[in-house]
file coords.pdb (PDB, C-alpha atoms)
ATOM      1  CA  MET Q  17     101.146   2.803  10.425
ATOM      2  CA  LYS Q  18     102.050   6.378  11.273
ATOM      3  CA  LYS Q  19      99.000   8.536  10.661
ATOM      4  CA  ILE Q  20      95.228   7.989  10.898
ATOM      5  CA  GLY Q  21      92.202  10.093  10.040
ATOM      6  CA  VAL Q  22      88.936  10.415  11.967
ATOM      7  CA  LEU Q  23      85.573  11.943  11.082
ATOM      8  CA  THR Q  24      82.025  12.157  12.418
ATOM      9  CA  SER Q  25      79.202  11.800   9.933
ATOM     10  CA  GLY Q  26      75.408  11.764   9.601
ATOM     11  CA  GLY Q  27      73.139  12.891  12.419
ATOM     12  CA  ASP Q  28      75.025  14.178  15.442
ATOM     13  CA  ALA Q  29      74.797  12.106  18.616
ATOM     14  CA  PRO Q  30      75.774  12.974  22.213
ATOM     15  CA  GLY Q  31      79.062  11.211  22.876
ATOM     16  CA  MET Q  32      80.654  11.716  19.470
ATOM     17  CA  ASN Q  33      83.172  14.113  20.994
ATOM     18  CA  ALA Q  34      84.058  11.576  23.682
ATOM     19  CA  ALA Q  35      84.688   9.020  20.935
ATOM     20  CA  VAL Q  36      86.959  11.391  18.988
ATOM     21  CA  ARG Q  37      88.781  12.193  22.228
ATOM     22  CA  ALA Q  38      89.389   8.483  22.846
ATOM     23  CA  VAL Q  39      90.593   7.972  19.274
ATOM     24  CA  VAL Q  40      93.037  10.871  19.466
ATOM     25  CA  ARG Q  41      94.498  10.081  22.868
ATOM     26  CA  THR Q  42      94.781   6.350  22.230
ATOM     27  CA  ALA Q  43      96.437   7.029  18.869
ATOM     28  CA  ILE Q  44      98.930   9.440  20.387
ATOM     29  CA  TYR Q  45      99.645   6.907  23.145
ATOM     30  CA  LYS Q  46     100.403   4.454  20.334
ATOM     31  CA  LYS Q  47     102.739   6.998  18.636
ATOM     32  CA  LEU Q  48     100.341   7.838  15.811
ATOM     33  CA  GLU Q  49      99.485  11.190  14.277
ATOM     34  CA  VAL Q  50      95.789  12.080  13.925
ATOM     35  CA  ILE Q  51      94.005  14.168  11.309
ATOM     36  CA  GLY Q  52      90.407  15.213  11.950
ATOM     37  CA  PHE Q  53      88.251  15.787   8.861
ATOM     38  CA  LEU Q  54      85.613  18.489   9.183
ATOM     39  CA  ASP Q  55      81.920  18.037   8.345
ATOM     40  CA  GLY Q  56      82.083  14.313   7.730
ATOM     41  CA  PHE Q  57      82.859  12.986   4.250
ATOM     42  CA  SER Q  58      82.701  16.545   2.971
ATOM     43  CA  GLY Q  59      86.016  17.179   4.723
ATOM     44  CA  LEU Q  60      87.548  14.253   2.869
ATOM     45  CA  ILE Q  61      86.313  15.449  -0.500
ATOM     46  CA  LYS Q  62      87.325  19.082   0.054
ATOM     47  CA  ALA Q  63      90.495  18.301   2.023
ATOM     48  CA  ASP Q  64      89.124  20.332   4.925
ATOM     49  CA  PHE Q  65      90.872  19.086   8.049
ATOM     50  CA  GLN Q  66      92.836  19.905  11.182
ATOM     51  CA  GLU Q  67      95.659  18.161  12.968
ATOM     52  CA  LEU Q  68      94.542  16.850  16.331
ATOM     53  CA  ASP Q  69      96.708  16.646  19.448
ATOM     54  CA  LEU Q  70      96.064  16.083  23.136
ATOM     55  CA  SER Q  71      94.915  19.658  23.655
ATOM     56  CA  SER Q  72      92.522  19.518  20.690
ATOM     57  CA  VAL Q  73      90.256  17.136  22.571
ATOM     58  CA  GLY Q  74      90.655  18.616  26.043
ATOM     59  CA  GLY Q  75      87.288  19.180  27.755
ATOM     60  CA  MET Q  76      85.423  17.204  25.083
ATOM     61  CA  VAL Q  77      84.294  14.176  27.097
ATOM     62  CA  ASP Q  78      81.121  15.890  28.350
ATOM     63  CA  ARG Q  79      80.369  18.108  25.374
ATOM     64  CA  GLY Q  80      77.366  17.323  23.156
ATOM     65  CA  GLY Q  81      77.323  17.503  19.368
ATOM     66  CA  THR Q  82      80.576  17.101  17.459
ATOM     67  CA  PHE Q  83      83.343  19.687  17.327
ATOM     68  CA  LEU Q  84      84.519  18.229  14.016
ATOM     69  CA  GLY Q  85      81.130  18.980  12.519
ATOM     70  CA  THR Q  86      78.963  16.623  10.511
ATOM     71  CA  ALA Q  87      76.950  16.626   7.317
ATOM     72  CA  ARG Q  88      75.074  14.376   4.959
ATOM     73  CA  VAL Q  89      77.103  14.346   1.739
ATOM     74  CA  PRO Q  90      75.312  12.975  -1.363
ATOM     75  CA  GLU Q  91      78.465  13.693  -3.383
ATOM     76  CA  PHE Q  92      80.245  10.844  -1.586
ATOM     77  CA  THR Q  93      77.790   8.357  -3.116
ATOM     78  CA  THR Q  94      79.206   9.191  -6.555
ATOM     79  CA  LEU Q  95      82.331   7.637  -8.011
ATOM     80  CA  SER Q  96      83.928  11.053  -8.538
ATOM     81  CA  GLY Q  97      83.290  12.048  -4.925
ATOM     82  CA  GLN Q  98      84.800   8.816  -3.642
ATOM     83  CA  LYS Q  99      87.896   9.259  -5.791
ATOM     84  CA  GLU Q 100      88.401  12.793  -4.475
ATOM     85  CA  ALA Q 101      88.159  11.492  -0.904
ATOM     86  CA  VAL Q 102      90.660   8.720  -1.624
ATOM     87  CA  GLU Q 103      93.012  11.214  -3.276
ATOM     88  CA  THR Q 104      92.898  13.395  -0.142
ATOM     89  CA  ILE Q 105      93.778  10.418   2.038
ATOM     90  CA  LYS Q 106      96.727   9.478  -0.165
ATOM     91  CA  ARG Q 107      97.959  13.053  -0.519
ATOM     92  CA  LEU Q 108      98.040  13.492   3.268
ATOM     93  CA  ASP Q 109      99.830  10.139   3.726
ATOM     94  CA  ILE Q 110      97.029   8.828   5.919
ATOM     95  CA  ASP Q 111      97.362   5.105   6.527
ATOM     96  CA  ALA Q 112      93.901   4.340   7.937
ATOM     97  CA  LEU Q 113      90.545   5.903   8.739
ATOM     98  CA  ILE Q 114      88.007   5.808  11.583
ATOM     99  CA  VAL Q 115      84.409   6.758  10.759
ATOM    100  CA  ILE Q 116      81.993   7.583  13.592
ATOM    101  CA  GLY Q 117      78.293   7.585  12.681
ATOM    102  CA  GLY Q 118      75.126   5.640  11.890
ATOM    103  CA  ASN Q 119      74.050   3.354   9.063
ATOM    104  CA  GLY Q 120      74.726   5.801   6.224
ATOM    105  CA  SER Q 121      78.127   6.713   7.613
ATOM    106  CA  LEU Q 122      79.128   3.080   8.107
ATOM    107  CA  THR Q 123      78.009   2.345   4.550
ATOM    108  CA  GLY Q 124      80.435   5.078   3.502
ATOM    109  CA  ALA Q 125      83.153   3.519   5.646
ATOM    110  CA  HIS Q 126      82.577   0.169   3.931
ATOM    111  CA  ILE Q 127      83.170   1.778   0.523
ATOM    112  CA  PHE Q 128      86.834   2.355   1.385
ATOM    113  CA  SER Q 129      87.452  -1.402   1.366
ATOM    114  CA  LYS Q 130      87.342  -1.410  -2.437
ATOM    115  CA  TYR Q 131      90.095   1.224  -2.428
ATOM    116  CA  SER Q 132      92.260  -0.831  -0.034
ATOM    117  CA  ILE Q 133      92.167   1.827   2.680
ATOM    118  CA  PRO Q 134      92.041   0.276   6.188
ATOM    119  CA  THR Q 135      88.870   1.553   7.865
ATOM    120  CA  ILE Q 136      87.122   0.950  11.188
ATOM    121  CA  GLY Q 137      83.580   2.125  11.959
ATOM    122  CA  VAL Q 138      82.218   3.311  15.302
ATOM    123  CA  PRO Q 139      78.403   3.191  15.753
ATOM    124  CA  ALA Q 140      76.834   6.504  16.779
ATOM    125  CA  SER Q 141      73.076   6.916  16.373
ATOM    126  CA  ILE Q 142      70.429   8.195  18.768
ATOM    127  CA  ASP Q 143      67.984   5.748  17.108
ATOM    128  CA  ASN Q 144      70.127   2.774  18.199
ATOM    129  CA  ASP Q 145      69.436   1.218  14.814
ATOM    130  CA  VAL Q 146      72.863  -0.142  13.853
ATOM    131  CA  PHE Q 147      73.244  -3.899  13.504
ATOM    132  CA  GLY Q 148      76.051  -5.618  15.402
ATOM    133  CA  THR Q 149      76.071  -3.649  18.649
ATOM    134  CA  ASP Q 150      73.807  -3.641  21.692
ATOM    135  CA  TYR Q 151      74.043   0.129  21.971
ATOM    136  CA  CYS Q 152      75.049   3.028  19.753
ATOM    137  CA  ILE Q 153      76.646   6.211  21.024
ATOM    138  CA  GLY Q 154      73.941   8.794  21.797
ATOM    139  CA  PHE Q 155      70.950   6.510  22.308
ATOM    140  CA  ASP Q 156      71.033   6.532  26.092
ATOM    141  CA  THR Q 157      71.245  10.326  26.229
ATOM    142  CA  ALA Q 158      68.397  10.794  23.732
ATOM    143  CA  ALA Q 159      66.202   8.312  25.587
ATOM    144  CA  ASN Q 160      66.871  10.060  28.897
ATOM    145  CA  THR Q 161      66.016  13.434  27.353
ATOM    146  CA  ALA Q 162      62.708  11.994  26.129
ATOM    147  CA  VAL Q 163      61.940  10.438  29.524
ATOM    148  CA  ASP Q 164      62.601  13.736  31.298
ATOM    149  CA  ALA Q 165      60.199  15.533  28.957
ATOM    150  CA  ILE Q 166      57.535  12.848  29.342
ATOM    151  CA  SER Q 167      57.707  13.095  33.128
ATOM    152  CA  LYS Q 168      57.103  16.849  32.943
ATOM    153  CA  ILE Q 169      54.247  16.427  30.454
ATOM    154  CA  ARG Q 170      52.555  13.875  32.702
ATOM    155  CA  ASP Q 171      52.364  16.453  35.489
ATOM    156  CA  THR Q 172      50.348  18.868  33.362
ATOM    157  CA  ALA Q 173      48.339  16.073  31.689
ATOM    158  CA  SER Q 174      47.084  14.795  35.038
ATOM    159  CA  SER Q 175      46.323  18.328  36.236
ATOM    160  CA  HIS Q 176      43.964  18.992  33.318
ATOM    161  CA  ASP Q 177      42.555  15.500  32.573
ATOM    162  CA  ARG Q 178      44.169  15.515  29.146
ATOM    163  CA  VAL Q 179      45.420  13.030  26.605
ATOM    164  CA  PHE Q 180      48.942  13.890  25.478
ATOM    165  CA  LEU Q 181      50.685  12.532  22.397
ATOM    166  CA  VAL Q 182      54.463  12.943  22.601
ATOM    167  CA  GLN Q 183      56.447  12.505  19.406
ATOM    168  CA  VAL Q 184      60.030  11.338  19.708
ATOM    169  CA  MET Q 185      62.629  10.802  16.987
ATOM    170  CA  GLY Q 186      62.723   7.592  14.985
ATOM    171  CA  ARG Q 187      61.774   7.608  11.303
ATOM    172  CA  ASN Q 188      62.432   3.894  10.864
ATOM    173  CA  SER Q 189      63.153   2.841  14.420
ATOM    174  CA  GLY Q 190      60.997   2.780  17.540
ATOM    175  CA  MET Q 191      63.910   2.292  19.936
ATOM    176  CA  ILE Q 192      63.680   5.744  21.583
ATOM    177  CA  ALA Q 193      59.890   5.568  21.757
ATOM    178  CA  LEU Q 194      59.926   2.118  23.319
ATOM    179  CA  SER Q 195      62.608   2.965  25.871
ATOM    180  CA  ALA Q 196      60.948   6.277  26.775
ATOM    181  CA  ALA Q 197      57.496   4.700  27.080
ATOM    182  CA  LEU Q 198      58.783   1.990  29.401
ATOM    183  CA  ALA Q 199      60.876   4.277  31.603
ATOM    184  CA  GLY Q 200      58.401   7.161  31.461
ATOM    185  CA  GLY Q 201      55.285   5.143  32.191
ATOM    186  CA  GLY Q 202      53.638   5.654  28.810
ATOM    187  CA  ASP Q 203      50.088   4.321  28.465
ATOM    188  CA  SER Q 204      50.584   3.411  24.800
ATOM    189  CA  VAL Q 205      53.473   3.387  22.351
ATOM    190  CA  ILE Q 206      53.224   3.665  18.569
ATOM    191  CA  ILE Q 207      56.291   2.555  16.597
ATOM    192  CA  PRO Q 208      57.053   1.761  12.925
ATOM    193  CA  GLU Q 209      57.983  -1.860  13.616
ATOM    194  CA  ARG Q 210      54.625  -2.946  15.027
ATOM    195  CA  PRO Q 211      51.056  -2.651  13.651
ATOM    196  CA  TRP Q 212      48.583  -0.468  15.542
ATOM    197  CA  THR Q 213      45.083   0.915  15.153
ATOM    198  CA  ILE Q 214      43.233   3.962  16.439
ATOM    199  CA  ASP Q 215      40.581   1.649  17.852
ATOM    200  CA  GLU Q 216      43.197  -0.107  19.982
ATOM    201  CA  ILE Q 217      44.551   3.206  21.295
ATOM    202  CA  CYS Q 218      41.046   4.484  22.095
ATOM    203  CA  LYS Q 219      40.215   1.221  23.848
ATOM    204  CA  ASN Q 220      43.221   1.721  26.135
ATOM    205  CA  ILE Q 221      42.131   5.279  26.896
ATOM    206  CA  LYS Q 222      38.587   4.198  27.784
ATOM    207  CA  TYR Q 223      39.900   1.387  29.984
ATOM    208  CA  GLY Q 224      41.946   3.923  31.927
ATOM    209  CA  GLN Q 225      38.948   6.239  32.292
ATOM    210  CA  LYS Q 226      36.807   3.445  33.733
ATOM    211  CA  ARG Q 227      39.296   2.877  36.531
ATOM    212  CA  GLY Q 228      39.491   6.588  37.293
ATOM    213  CA  LYS Q 229      42.649   7.525  35.425
ATOM    214  CA  LYS Q 230      42.882  11.298  34.994
ATOM    215  CA  HIS Q 231      45.296  11.394  32.072
ATOM    216  CA  ASN Q 232      46.683   9.318  29.217
ATOM    217  CA  LEU Q 233      50.141   9.590  27.683
ATOM    218  CA  ILE Q 234      50.926   8.131  24.265
ATOM    219  CA  VAL Q 235      54.498   7.999  22.946
ATOM    220  CA  VAL Q 236      54.767   8.113  19.146
ATOM    221  CA  ALA Q 237      57.863   7.486  17.027
ATOM    222  CA  GLU Q 238      57.948  10.056  14.208
ATOM    223  CA  GLY Q 239      57.966   7.384  11.505
ATOM    224  CA  ALA Q 240      54.899   5.557  12.830
ATOM    225  CA  GLY Q 241      52.293   8.031  11.591
ATOM    226  CA  ASN Q 242      51.212  11.667  11.448
ATOM    227  CA  ILE Q 243      50.854  12.654  15.083
ATOM    228  CA  ASN Q 244      48.359  15.462  14.379
ATOM    229  CA  GLU Q 245      46.097  13.119  12.422
ATOM    230  CA  ILE Q 246      46.298  10.565  15.233
ATOM    231  CA  ALA Q 247      45.357  13.256  17.760
ATOM    232  CA  THR Q 248      42.389  14.384  15.639
ATOM    233  CA  GLN Q 249      41.020  10.849  15.391
ATOM    234  CA  ILE Q 250      41.396  10.238  19.134
ATOM    235  CA  LYS Q 251      39.630  13.524  19.895
ATOM    236  CA  TYR Q 252      36.807  12.709  17.461
ATOM    237  CA  GLN Q 253      36.208   9.216  18.834
ATOM    238  CA  ASN Q 254      36.443  10.067  22.528
ATOM    239  CA  ASN Q 255      35.455  13.746  22.755
ATOM    240  CA  LEU Q 256      38.558  14.417  24.833
ATOM    241  CA  ASP Q 257      41.014  17.282  25.275
ATOM    242  CA  VAL Q 258      43.981  16.019  23.239
ATOM    243  CA  ARG Q 259      47.314  17.820  23.009
ATOM    244  CA  VAL Q 260      50.430  17.165  20.938
ATOM    245  CA  THR Q 261      54.065  17.737  21.892
ATOM    246  CA  VAL Q 262      56.882  17.207  19.375
ATOM    247  CA  LEU Q 263      60.231  16.926  21.151
ATOM    248  CA  GLY Q 264      62.300  17.328  17.983
ATOM    249  CA  HIS Q 265      65.999  18.092  18.037
ATOM    250  CA  ILE Q 266      66.334  18.587  21.791
ATOM    251  CA  GLN Q 267      66.870  14.816  21.753
ATOM    252  CA  ARG Q 268      70.129  15.279  19.859
ATOM    253  CA  GLY Q 269      71.586  17.966  22.091
ATOM    254  CA  GLY Q 270      72.953  18.167  25.601
ATOM    255  CA  ALA Q 271      75.806  16.603  27.526
ATOM    256  CA  PRO Q 272      76.034  12.834  27.067
ATOM    257  CA  THR Q 273      75.101  10.574  29.960
ATOM    258  CA  ALA Q 274      77.775   8.650  31.862
ATOM    259  CA  PHE Q 275      76.777   5.536  29.902
ATOM    260  CA  ASP Q 276      77.303   7.265  26.555
ATOM    261  CA  ARG Q 277      80.599   8.805  27.644
ATOM    262  CA  ASN Q 278      81.901   5.420  28.778
ATOM    263  CA  LEU Q 279      80.603   3.643  25.663
ATOM    264  CA  ALA Q 280      82.102   6.263  23.338
ATOM    265  CA  SER Q 281      85.437   6.158  25.146
ATOM    266  CA  ARG Q 282      85.626   2.375  24.913
ATOM    267  CA  LEU Q 283      84.574   2.236  21.251
ATOM    268  CA  GLY Q 284      86.983   5.006  20.224
ATOM    269  CA  HIS Q 285      89.840   3.293  22.019
ATOM    270  CA  GLU Q 286      89.033  -0.110  20.512
ATOM    271  CA  ALA Q 287      88.847   1.369  17.012
ATOM    272  CA  VAL Q 288      92.498   2.434  17.222
ATOM    273  CA  ILE Q 289      93.539  -0.903  18.736
ATOM    274  CA  ALA Q 290      91.787  -2.679  15.846
ATOM    275  CA  LEU Q 291      93.688  -0.627  13.266
ATOM    276  CA  LYS Q 292      96.976  -1.316  15.047
ATOM    277  CA  ALA Q 293      96.118  -5.025  14.873
ATOM    278  CA  LYS Q 294      95.736  -4.590  11.074
ATOM    279  CA  GLU Q 295      91.963  -5.088  11.128
ATOM    280  CA  SER Q 296      89.962  -3.367   8.405
ATOM    281  CA  ASP Q 297      86.435  -3.051   7.041
ATOM    282  CA  LYS Q 298      85.070  -3.752  10.520
ATOM    283  CA  MET Q 299      82.911  -1.979  13.093
ATOM    284  CA  VAL Q 300      83.608  -2.052  16.815
ATOM    285  CA  GLY Q 301      80.482  -2.783  18.834
ATOM    286  CA  LEU Q 302      79.298  -3.682  22.309
ATOM    287  CA  SER Q 303      78.062  -7.220  23.002
ATOM    288  CA  GLY Q 304      77.051  -7.647  26.616
ATOM    289  CA  ARG Q 305      80.026  -6.197  28.482
ATOM    290  CA  GLU Q 306      82.577  -6.964  25.811
ATOM    291  CA  MET Q 307      83.802  -5.131  22.733
ATOM    292  CA  LYS Q 308      83.628  -7.049  19.466
ATOM    293  CA  LEU Q 309      84.454  -6.572  15.783
ATOM    294  CA  VAL Q 310      81.751  -7.023  13.137
ATOM    295  CA  ASP Q 311      82.246  -7.026   9.370
ATOM    296  CA  LEU Q 312      80.963  -3.742   7.924
ATOM    297  CA  GLU Q 313      79.269  -5.604   5.103
ATOM    298  CA  GLU Q 314      77.204  -7.487   7.686
ATOM    299  CA  VAL Q 315      76.437  -4.239   9.500
ATOM    300  CA  VAL Q 316      75.145  -2.350   6.459
ATOM    301  CA  LEU Q 317      73.066  -5.258   5.136
ATOM    302  CA  ASN Q 318      71.179  -5.953   8.354
ATOM    303  CA  LYS Q 319      68.970  -4.178  10.870
ATOM    304  CA  PRO Q 320      68.729  -4.934  14.597
ATOM    305  CA  GLU Q 321      65.524  -6.584  15.735
ATOM    306  CA  LEU Q 322      63.308  -4.802  18.213
ATOM    307  CA  ASP Q 323      62.804  -6.715  21.482
ATOM    308  CA  ASP Q 324      59.171  -7.817  21.428
ATOM    309  CA  LYS Q 325      59.299  -8.645  25.146
ATOM    310  CA  ILE Q 326      59.878  -4.968  25.946
ATOM    311  CA  TYR Q 327      57.048  -3.959  23.632
ATOM    312  CA  GLN Q 328      54.698  -6.327  25.447
ATOM    313  CA  LEU Q 329      55.994  -5.152  28.832
ATOM    314  CA  VAL Q 330      54.973  -1.554  28.032
ATOM    315  CA  LYS Q 331      51.418  -2.815  27.440
ATOM    316  CA  ILE Q 332      51.359  -4.865  30.628
ATOM    317  CA  LEU Q 333      52.697  -2.097  32.871
ATOM    318  CA  SER Q 334      50.283   0.480  31.436
ATOM    319  CA  LEU Q 335      47.210  -1.443  32.645
TER     320      LEU Q 335
END
call {"tool": "encode", "arguments": {"input": "coords.pdb", "output": "structure tokens"}}
result
Amino acid sequence: MKKIGVLTSGGDAPGMNAAVRAVVRTAIYKKLEVIGFLDGFSGLIKADFQELDLSSVGGMVDRGGTFLGTARVPEFTTLSGQKEAVETIKRLDIDALIVIGGNGSLTGAHIFSKYSIPTIGVPASIDNDVFGTDYCIGFDTAANTAVDAISKIRDTASSHDRVFLVQVMGRNSGMIALSAALAGGGDSVIIPERPWTIDEICKNIKYGQKRGKKHNLIVVAEGAGNINEIATQIKYQNNLDVRVTVLGHIQRGGAPTAFDRNLASRLGHEAVIALKAKESDKMVGLSGREMKLVDLEEVVLNKPELDDKIYQLVKILSL
């Protein structure tokens, strides 16, 4: 093995740059050349790339986003798109590939197994919804961003006796919402993985009012329901001043936390070590304190289970 490629794909996540940095510097330490493909799988299809050296990743450990760029590329799901990507890899004499991203990106990484191209995946998703790893790159930063916003919103909510609904990211995953509700002292949390009713939410609000609570803060994952409709129903049933805040893409931006920088650095390093050990069609993940390899087929066919104990704990601590 003499040359490897690396790309970031799907939704950007704080810590992706730290992962690329670790890949590049570990590879160079191991006497390998590194090619960085721009804008995810699009760079593979269009042969849009740059050679990466030690200086290319200087100052990247604390930078949010991804300097390689990222994109969602429907063309890669087609046979013609895949063949163009494979042709680029062969033409550039690339021996192996590292793909950094979430479920869709790792599904793309798994496709290369049928073309006999050694590939290792690195999990990066602010939703923390990748099977086979305790944490994905970017989740901790996104959760901390949400917690910081919730703390600020609580100040104004308590000043005006208001109910605030705060929407965080998570179309199919309530991981950010659950973590932010627990750390931010949310009074209720609404997530896609668990059933909920307006009556239950209103009951919690009324219980708080009876004991003299001056505000109520409800954390809503974007995929759990229309936040404006939820707010309207709460206002109608309780005759309260209800406000909505949608955090949106601020959760994707910003410098990664120390946890995400360390996680990304370890995963990026281990991805190169795995390739050098002739591993392929695997993802590197974190299990407890240790790094582990998981078959990509297992990763793309499964979804991590939400911890019901944490969900129940949010309810208990909001009493």
call {"tool": "resolve_selection", "arguments": {"input": "coords.pdb", "expression": "the PyMOL selection byres ((chain Q and resi 239) around 6)", "output": "VMD selection string"}}
result
chain Q and resid 186 to 188 208 237 to 238 240 to 241
call {"tool": "resolve_selection", "arguments": {"input": "coords.pdb", "expression": "the PyMOL selection byres ((chain Q and resi 252-259) around 6)", "output": "list of chain:residue names"}}
result
Q:Arg178, Q:Val179, Q:Phe180, Q:Gln249, Q:Ile250, Q:Lys251, Q:Val260
call {"tool": "atom_distance", "arguments": {"input": "coords.pdb", "atom1": "atom CA of Val316 of chain Q", "atom2": "atom CA of Phe275 of chain Q"}}
result
24.8 Å
call {"tool": "closest_residue", "arguments": {"input": "coords.pdb", "among": "Q:Gly27, Q:Gly200, Q:Gly97, Q:Gly75", "to": "Ile127 of chain Q", "atoms": "only C-alpha atoms"}}
result
Q:Gly97
call {"tool": "axis_aligned_box", "arguments": {"input": "coords.pdb", "around": "segment 183-192 of chain Q", "padding_each_side": "6 Å", "output": "JSON"}}
result
{"center_x": 60.2, "center_y": 7.4, "center_z": 16.2, "size_x": 19.5, "size_y": 22.2, "size_z": 22.7}
call {"tool": "residues_near_point", "arguments": {"input": "coords.pdb", "point": "(92.9, 15.4, -6.1)", "cutoff": "12 Å", "atoms": "all atoms listed in the file", "output": "compact mmCIF listing (two decimals) with C-alpha atoms, keeping the file's coordinate frame"}}
result
# COMPACT_ATOMS: atom_id res chain seq x y z
CA LEU Q 60 87.55 14.25 2.87
CA ILE Q 61 86.31 15.45 -0.50
CA LYS Q 62 87.32 19.08 0.05
CA ALA Q 63 90.50 18.30 2.02
CA SER Q 96 83.93 11.05 -8.54
CA GLY Q 97 83.29 12.05 -4.92
CA GLN Q 98 84.80 8.82 -3.64
CA LYS Q 99 87.90 9.26 -5.79
CA GLU Q 100 88.40 12.79 -4.47
CA ALA Q 101 88.16 11.49 -0.90
CA VAL Q 102 90.66 8.72 -1.62
CA GLU Q 103 93.01 11.21 -3.28
CA THR Q 104 92.90 13.40 -0.14
CA ILE Q 105 93.78 10.42 2.04
CA LYS Q 106 96.73 9.48 -0.16
CA ARG Q 107 97.96 13.05 -0.52
CA LEU Q 108 98.04 13.49 3.27
call {"tool": "atom_distance", "arguments": {"input": "coords.pdb", "atom1": "atom CA of Gly284 of chain Q", "atom2": "atom CA of Ala38 of chain Q"}}
result
5.0 Å
call {"tool": "resolve_selection", "arguments": {"input": "coords.pdb", "expression": "the PyMOL selection byres ((chain Q and resi 33) around 12)", "output": "PyMOL selection string"}}
result
chain Q and resi 22-25+28-32+34-40+52+72-86+116-117+140+153-154+270-272+276-281+283-284
call {"tool": "atom_distance", "arguments": {"input": "coords.pdb", "atom1": "atom CA of Ser167 of chain Q", "atom2": "atom CA of Asp150 of chain Q"}}
result
25.9 Å
call {"tool": "closest_residue", "arguments": {"input": "coords.pdb", "among": "Q:Val288, Q:Leu263, Q:Ala293, Q:Ala196", "to": "Leu48 of chain Q", "atoms": "only C-alpha atoms"}}
result
Q:Val288
call {"tool": "closest_residue", "arguments": {"input": "coords.pdb", "among": "Q:Phe155, Q:Phe65, Q:Tyr327, Q:Phe53", "to": "Asp203 of chain Q", "atoms": "only C-alpha atoms"}}
result
Q:Tyr327
call {"tool": "closest_residue", "arguments": {"input": "coords.pdb", "among": "Q:Ile110, Q:Leu122, Q:Val89, Q:Leu95", "to": "Phe147 of chain Q", "atoms": "only C-alpha atoms"}}
result
Q:Leu122
call {"tool": "closest_atom_pairs", "arguments": {"input": "coords.pdb", "of": "segment 54-163 of chain Q", "to": "segment 302-307 of chain Q", "cutoff": "8 Å", "atoms": "all atoms listed in the file", "output": "CSV"}}
result
residue,atom,partner,partner_atom,distance
Q:Gly148,CA,Q:Leu302,CA,7.9
Q:Thr149,CA,Q:Leu302,CA,4.9
Q:Asp150,CA,Q:Leu302,CA,5.5
Q:Tyr151,CA,Q:Leu302,CA,6.5
call {"tool": "closest_residue", "arguments": {"input": "coords.pdb", "among": "Q:Gly201, Q:Pro134, Q:Gly120, Q:Pro90", "to": "Val146 of chain Q", "atoms": "only C-alpha atoms"}}
result
Q:Gly120
call {"tool": "residues_around", "arguments": {"input": "coords.pdb", "residues": "segment 220-222 of chain Q", "least_positions_apart": "3", "cutoff": "8 Å", "atoms": "only C-alpha atoms", "output": "count of residues only"}}
result
7
call {"tool": "closest_residue", "arguments": {"input": "coords.pdb", "among": "Q:Gly118, Q:Ser334, Q:Ser296, Q:Pro320", "to": "Gly224 of chain Q", "atoms": "all atoms listed in the file"}}
result
Q:Ser334
call {"tool": "residues_around", "arguments": {"input": "coords.pdb", "residues": "Lys230 of chain Q", "least_positions_apart": "5", "cutoff": "8 Å", "atoms": "all atoms listed in the file", "output": "NGL selection string"}}
result
:Q and (173-178 or 225)
call {"tool": "residues_around", "arguments": {"input": "coords.pdb", "residues": "Ser129 of chain Q", "least_positions_apart": "6", "cutoff": "12 Å", "atoms": "all atoms listed in the file", "output": "number ranges by chain"}}
result
Q: 98, 102, 112-113, 122-123, 135-137, 295-298, 311-313
